[in-house]
Amino acid sequence: MSDSSIKPIRLAVLISGGGTTLRNLVRSVKDDGLPATIELVISSNPKSAGLSCAAQDEIPTLTCRRQGRTDDEYCADIFQPCRERNIDLVMMAGFLKHVLIPEDFVGRVMNIHPSLIPSFCGQGYYGHHVHKAVIDYGAKVTGCTVHFVDNQYDHGPIVLQRVVPVEDGDTVEELAARVFQQECAAYPEAIRLFAQRRLQLDGRHVSIRSADKEDVS
């Protein structure tokens with residue numbers, strides 16, 4: 001199945017910080033033919049550098065702060081704009097706030113985490129905190145995980161994982177850089193599989209259908 005035969009899916013990207021994952025997704029769409037369009041960027045932080053990245057590419061942005069909002073209110077703040085823009089898939093890209101996933105978006109929200117879930121994950125494990133914990137523990141391998149998001153931190157069904165060796169003498173920065181290289185490949189791959197309708201979700205299990213299997217949905 002070639003990307004040219006796939007109808008591009010509409011993405012919303014949720015960010016909190018520098019926007020490195022957002023920039024990778026923008027590049028994947030522009031340069032690698034990822035069958036998707038980024039229709040909206042939502043930030044939990046009005047000072048996020050990722051907002052400037054989105055503005056440069058003329059992607060509409062919103063800022064939705066968590067403070068003072070109930071869980072249900074924050075859920076509506078995030079997902080109602082996605083409904084209004086007919087978003088097919090929501091991508092968490094360094095989004096550090098907890099948000100409830102509404103029923104109509106179950107199986108339509110993904111996150112990428114810089115470790116091999118279920119190791120080194122959960123509340124407080126983000127960014128360099130993850131890589132420091134991996135090194136301090138003495139783990140021999142780490143990696144990244146793309147998963148569907150549920151209502152617990154780093155808990156939803158796993159879509160795919162990529163393994164990265166931990167080298168003797170690694171610094172946090174060196175390990176983070178190698179993991180991010182794999183993230184840059186893994187996240188677009190997961191989006192492509194979703195666009196091809198090759199992901200089959202059954203409880204906690206995600207299977208990947210063969211590319212030549214006809215979609216009867």
# chains A, B, ... in the order shown; residues from 1 in each chain; ligands from 1

call {"tool": "closest_atom_pairs", "arguments": {"of": "segment 88-158 of chain A", "to": "segment 58-79 of chain A", "cutoff": "10 Å", "atoms": "only C-alpha atoms", "output": "tab-separated table"}}
result
residue	atom	partner	partner_atom	distance
A:Val90	CA	A:Phe79	CA	9.0
A:Lys97	CA	A:Arg66	CA	7.3
A:His98	CA	A:Asp71	CA	8.6
A:Val99	CA	A:Cys75	CA	5.8
A:Leu100	CA	A:Cys75	CA	5.6
A:Ile101	CA	A:Cys75	CA	7.0
A:Pro102	CA	A:Cys75	CA	7.3
A:Asp104	CA	A:Phe79	CA	9.6
A:Phe105	CA	A:Phe79	CA	8.4

call {"tool": "residues_around", "arguments": {"residues": "segment 170-175 of chain A", "least_positions_apart": "2", "cutoff": "6 Å", "atoms": "only C-alpha atoms", "output": "PyMOL selection string"}}
result
chain A and resi 131-132+167-168+177-178

call {"tool": "select_by_dssp", "arguments": {"residues": "chain A", "states": "strand (DSSP E)", "output": "JSON, numbers by chain"}}
result
{"A": [9, 10, 11, 12, 13, 14, 15, 36, 37, 38, 39, 40, 41, 42, 43, 61, 62, 63, 89, 90, 91, 92, 109, 110, 111, 112, 113, 141, 142, 143, 144, 145, 146, 147, 148, 158, 159, 160, 161, 162, 163, 164, 165, 199, 200, 201, 202, 205, 206, 207, 208]}

call {"tool": "residues_around", "arguments": {"residues": "Met110 of chain A", "least_positions_apart": "6", "cutoff": "10 Å", "atoms": "only C-alpha atoms", "output": "list of chain:residue names"}}
result
A:Val13, A:Leu89, A:Val90, A:Met91, A:Met92, A:Ala93, A:Val146, A:His147, A:Phe148, A:Val149, A:Asp150, A:Gly156, A:Pro157, A:Ile158, A:Val159, A:Tyr187, A:Ala190, A:Ile191

call {"tool": "closest_residue", "arguments": {"among": "A:Gly107, A:Gly127, A:Gly122, A:Pro46", "to": "Leu199 of chain A", "atoms": "only C-alpha atoms"}}
result
A:Gly107

call {"tool": "select_by_dssp", "arguments": {"residues": "segment 49-213 of chain A", "states": "alpha helix (DSSP H)", "output": "PyMOL selection string"}}
result
chain A and resi 49-56+71-84+128-137+172-195

call {"tool": "atom_distance", "arguments": {"atom1": "atom CA of Ile112 of chain A", "atom2": "atom CA of Gly50 of chain A"}}
result
16.5 Å

call {"tool": "residues_around", "arguments": {"residues": "Thr20 of chain A", "least_positions_apart": "2", "cutoff": "10 Å", "atoms": "only C-alpha atoms", "output": "JSON, numbers by chain"}}
result
{"A": [15, 17, 18, 22, 23, 24, 25, 26, 49, 50, 53, 93, 94, 180, 184]}

call {"tool": "write_last_selection", "arguments": {"atoms": "N, CA and C atoms", "output": "PDB file, in the first residue's frame"}}
result
ATOM      1  N   ILE A  15       1.356  19.774  22.967  1.00  0.00           N
ATOM      2  CA  ILE A  15       2.724  20.052  23.389  1.00  0.00           C
ATOM      3  C   ILE A  15       2.725  20.789  24.727  1.00  0.00           C
ATOM      4  N   GLY A  17       6.370  21.929  25.740  1.00  0.00           N
ATOM      5  CA  GLY A  17       7.703  22.514  25.823  1.00  0.00           C
ATOM      6  C   GLY A  17       8.277  22.960  24.493  1.00  0.00           C
ATOM      7  N   GLY A  18       9.468  22.437  24.185  1.00  0.00           N
ATOM      8  CA  GLY A  18      10.255  22.947  23.061  1.00  0.00           C
ATOM      9  C   GLY A  18       9.770  22.586  21.685  1.00  0.00           C
ATOM     10  N   LEU A  22       7.137  17.831  17.668  1.00  0.00           N
ATOM     11  CA  LEU A  22       6.307  18.521  16.688  1.00  0.00           C
ATOM     12  C   LEU A  22       7.112  18.815  15.429  1.00  0.00           C
ATOM     13  N   ARG A  23       8.326  19.321  15.579  1.00  0.00           N
ATOM     14  CA  ARG A  23       9.153  19.624  14.410  1.00  0.00           C
ATOM     15  C   ARG A  23       9.443  18.371  13.592  1.00  0.00           C
ATOM     16  N   ASN A  24       9.649  17.256  14.282  1.00  0.00           N
ATOM     17  CA  ASN A  24       9.867  16.007  13.554  1.00  0.00           C
ATOM     18  C   ASN A  24       8.630  15.613  12.751  1.00  0.00           C
ATOM     19  N   LEU A  25       7.455  15.789  13.327  1.00  0.00           N
ATOM     20  CA  LEU A  25       6.228  15.442  12.603  1.00  0.00           C
ATOM     21  C   LEU A  25       6.005  16.372  11.409  1.00  0.00           C
ATOM     22  N   VAL A  26       6.285  17.658  11.598  1.00  0.00           N
ATOM     23  CA  VAL A  26       6.170  18.607  10.485  1.00  0.00           C
ATOM     24  C   VAL A  26       7.102  18.193   9.351  1.00  0.00           C
ATOM     25  N   ALA A  49       8.016  26.871  23.235  1.00  0.00           N
ATOM     26  CA  ALA A  49       8.700  27.194  21.982  1.00  0.00           C
ATOM     27  C   ALA A  49       8.035  26.503  20.797  1.00  0.00           C
ATOM     28  N   GLY A  50       7.314  25.432  21.060  1.00  0.00           N
ATOM     29  CA  GLY A  50       6.622  24.735  19.990  1.00  0.00           C
ATOM     30  C   GLY A  50       5.541  25.581  19.325  1.00  0.00           C
ATOM     31  N   CYS A  53       7.158  27.302  16.500  1.00  0.00           N
ATOM     32  CA  CYS A  53       7.342  26.346  15.405  1.00  0.00           C
ATOM     33  C   CYS A  53       6.067  26.209  14.597  1.00  0.00           C
ATOM     34  N   ALA A  93       2.933  15.111  22.223  1.00  0.00           N
ATOM     35  CA  ALA A  93       4.323  15.334  21.840  1.00  0.00           C
ATOM     36  C   ALA A  93       5.013  16.141  22.937  1.00  0.00           C
ATOM     37  N   GLY A  94       5.366  15.447  24.022  1.00  0.00           N
ATOM     38  CA  GLY A  94       5.917  16.159  25.178  1.00  0.00           C
ATOM     39  C   GLY A  94       4.856  16.918  25.937  1.00  0.00           C
ATOM     40  N   PHE A 180      16.086   9.627  20.918  1.00  0.00           N
ATOM     41  CA  PHE A 180      15.273  10.539  20.105  1.00  0.00           C
ATOM     42  C   PHE A 180      15.395  10.206  18.620  1.00  0.00           C
ATOM     43  N   CYS A 184      12.097   9.619  16.286  1.00  0.00           N
ATOM     44  CA  CYS A 184      11.827  10.332  15.030  1.00  0.00           C
ATOM     45  C   CYS A 184      11.362   9.389  13.932  1.00  0.00           C
TER      46      CYS A 184
END

call {"tool": "residues_around", "arguments": {"residues": "Gly124 of chain A", "least_positions_apart": "2", "cutoff": "12 Å", "atoms": "only C-alpha atoms", "output": "list in words"}}
result
Leu96, Lys97, His98, Phe120, Cys121, Gly122, Tyr126, Gly127, His128, His129, Val130, Ala133, Tyr153 and Asp154 of chain A
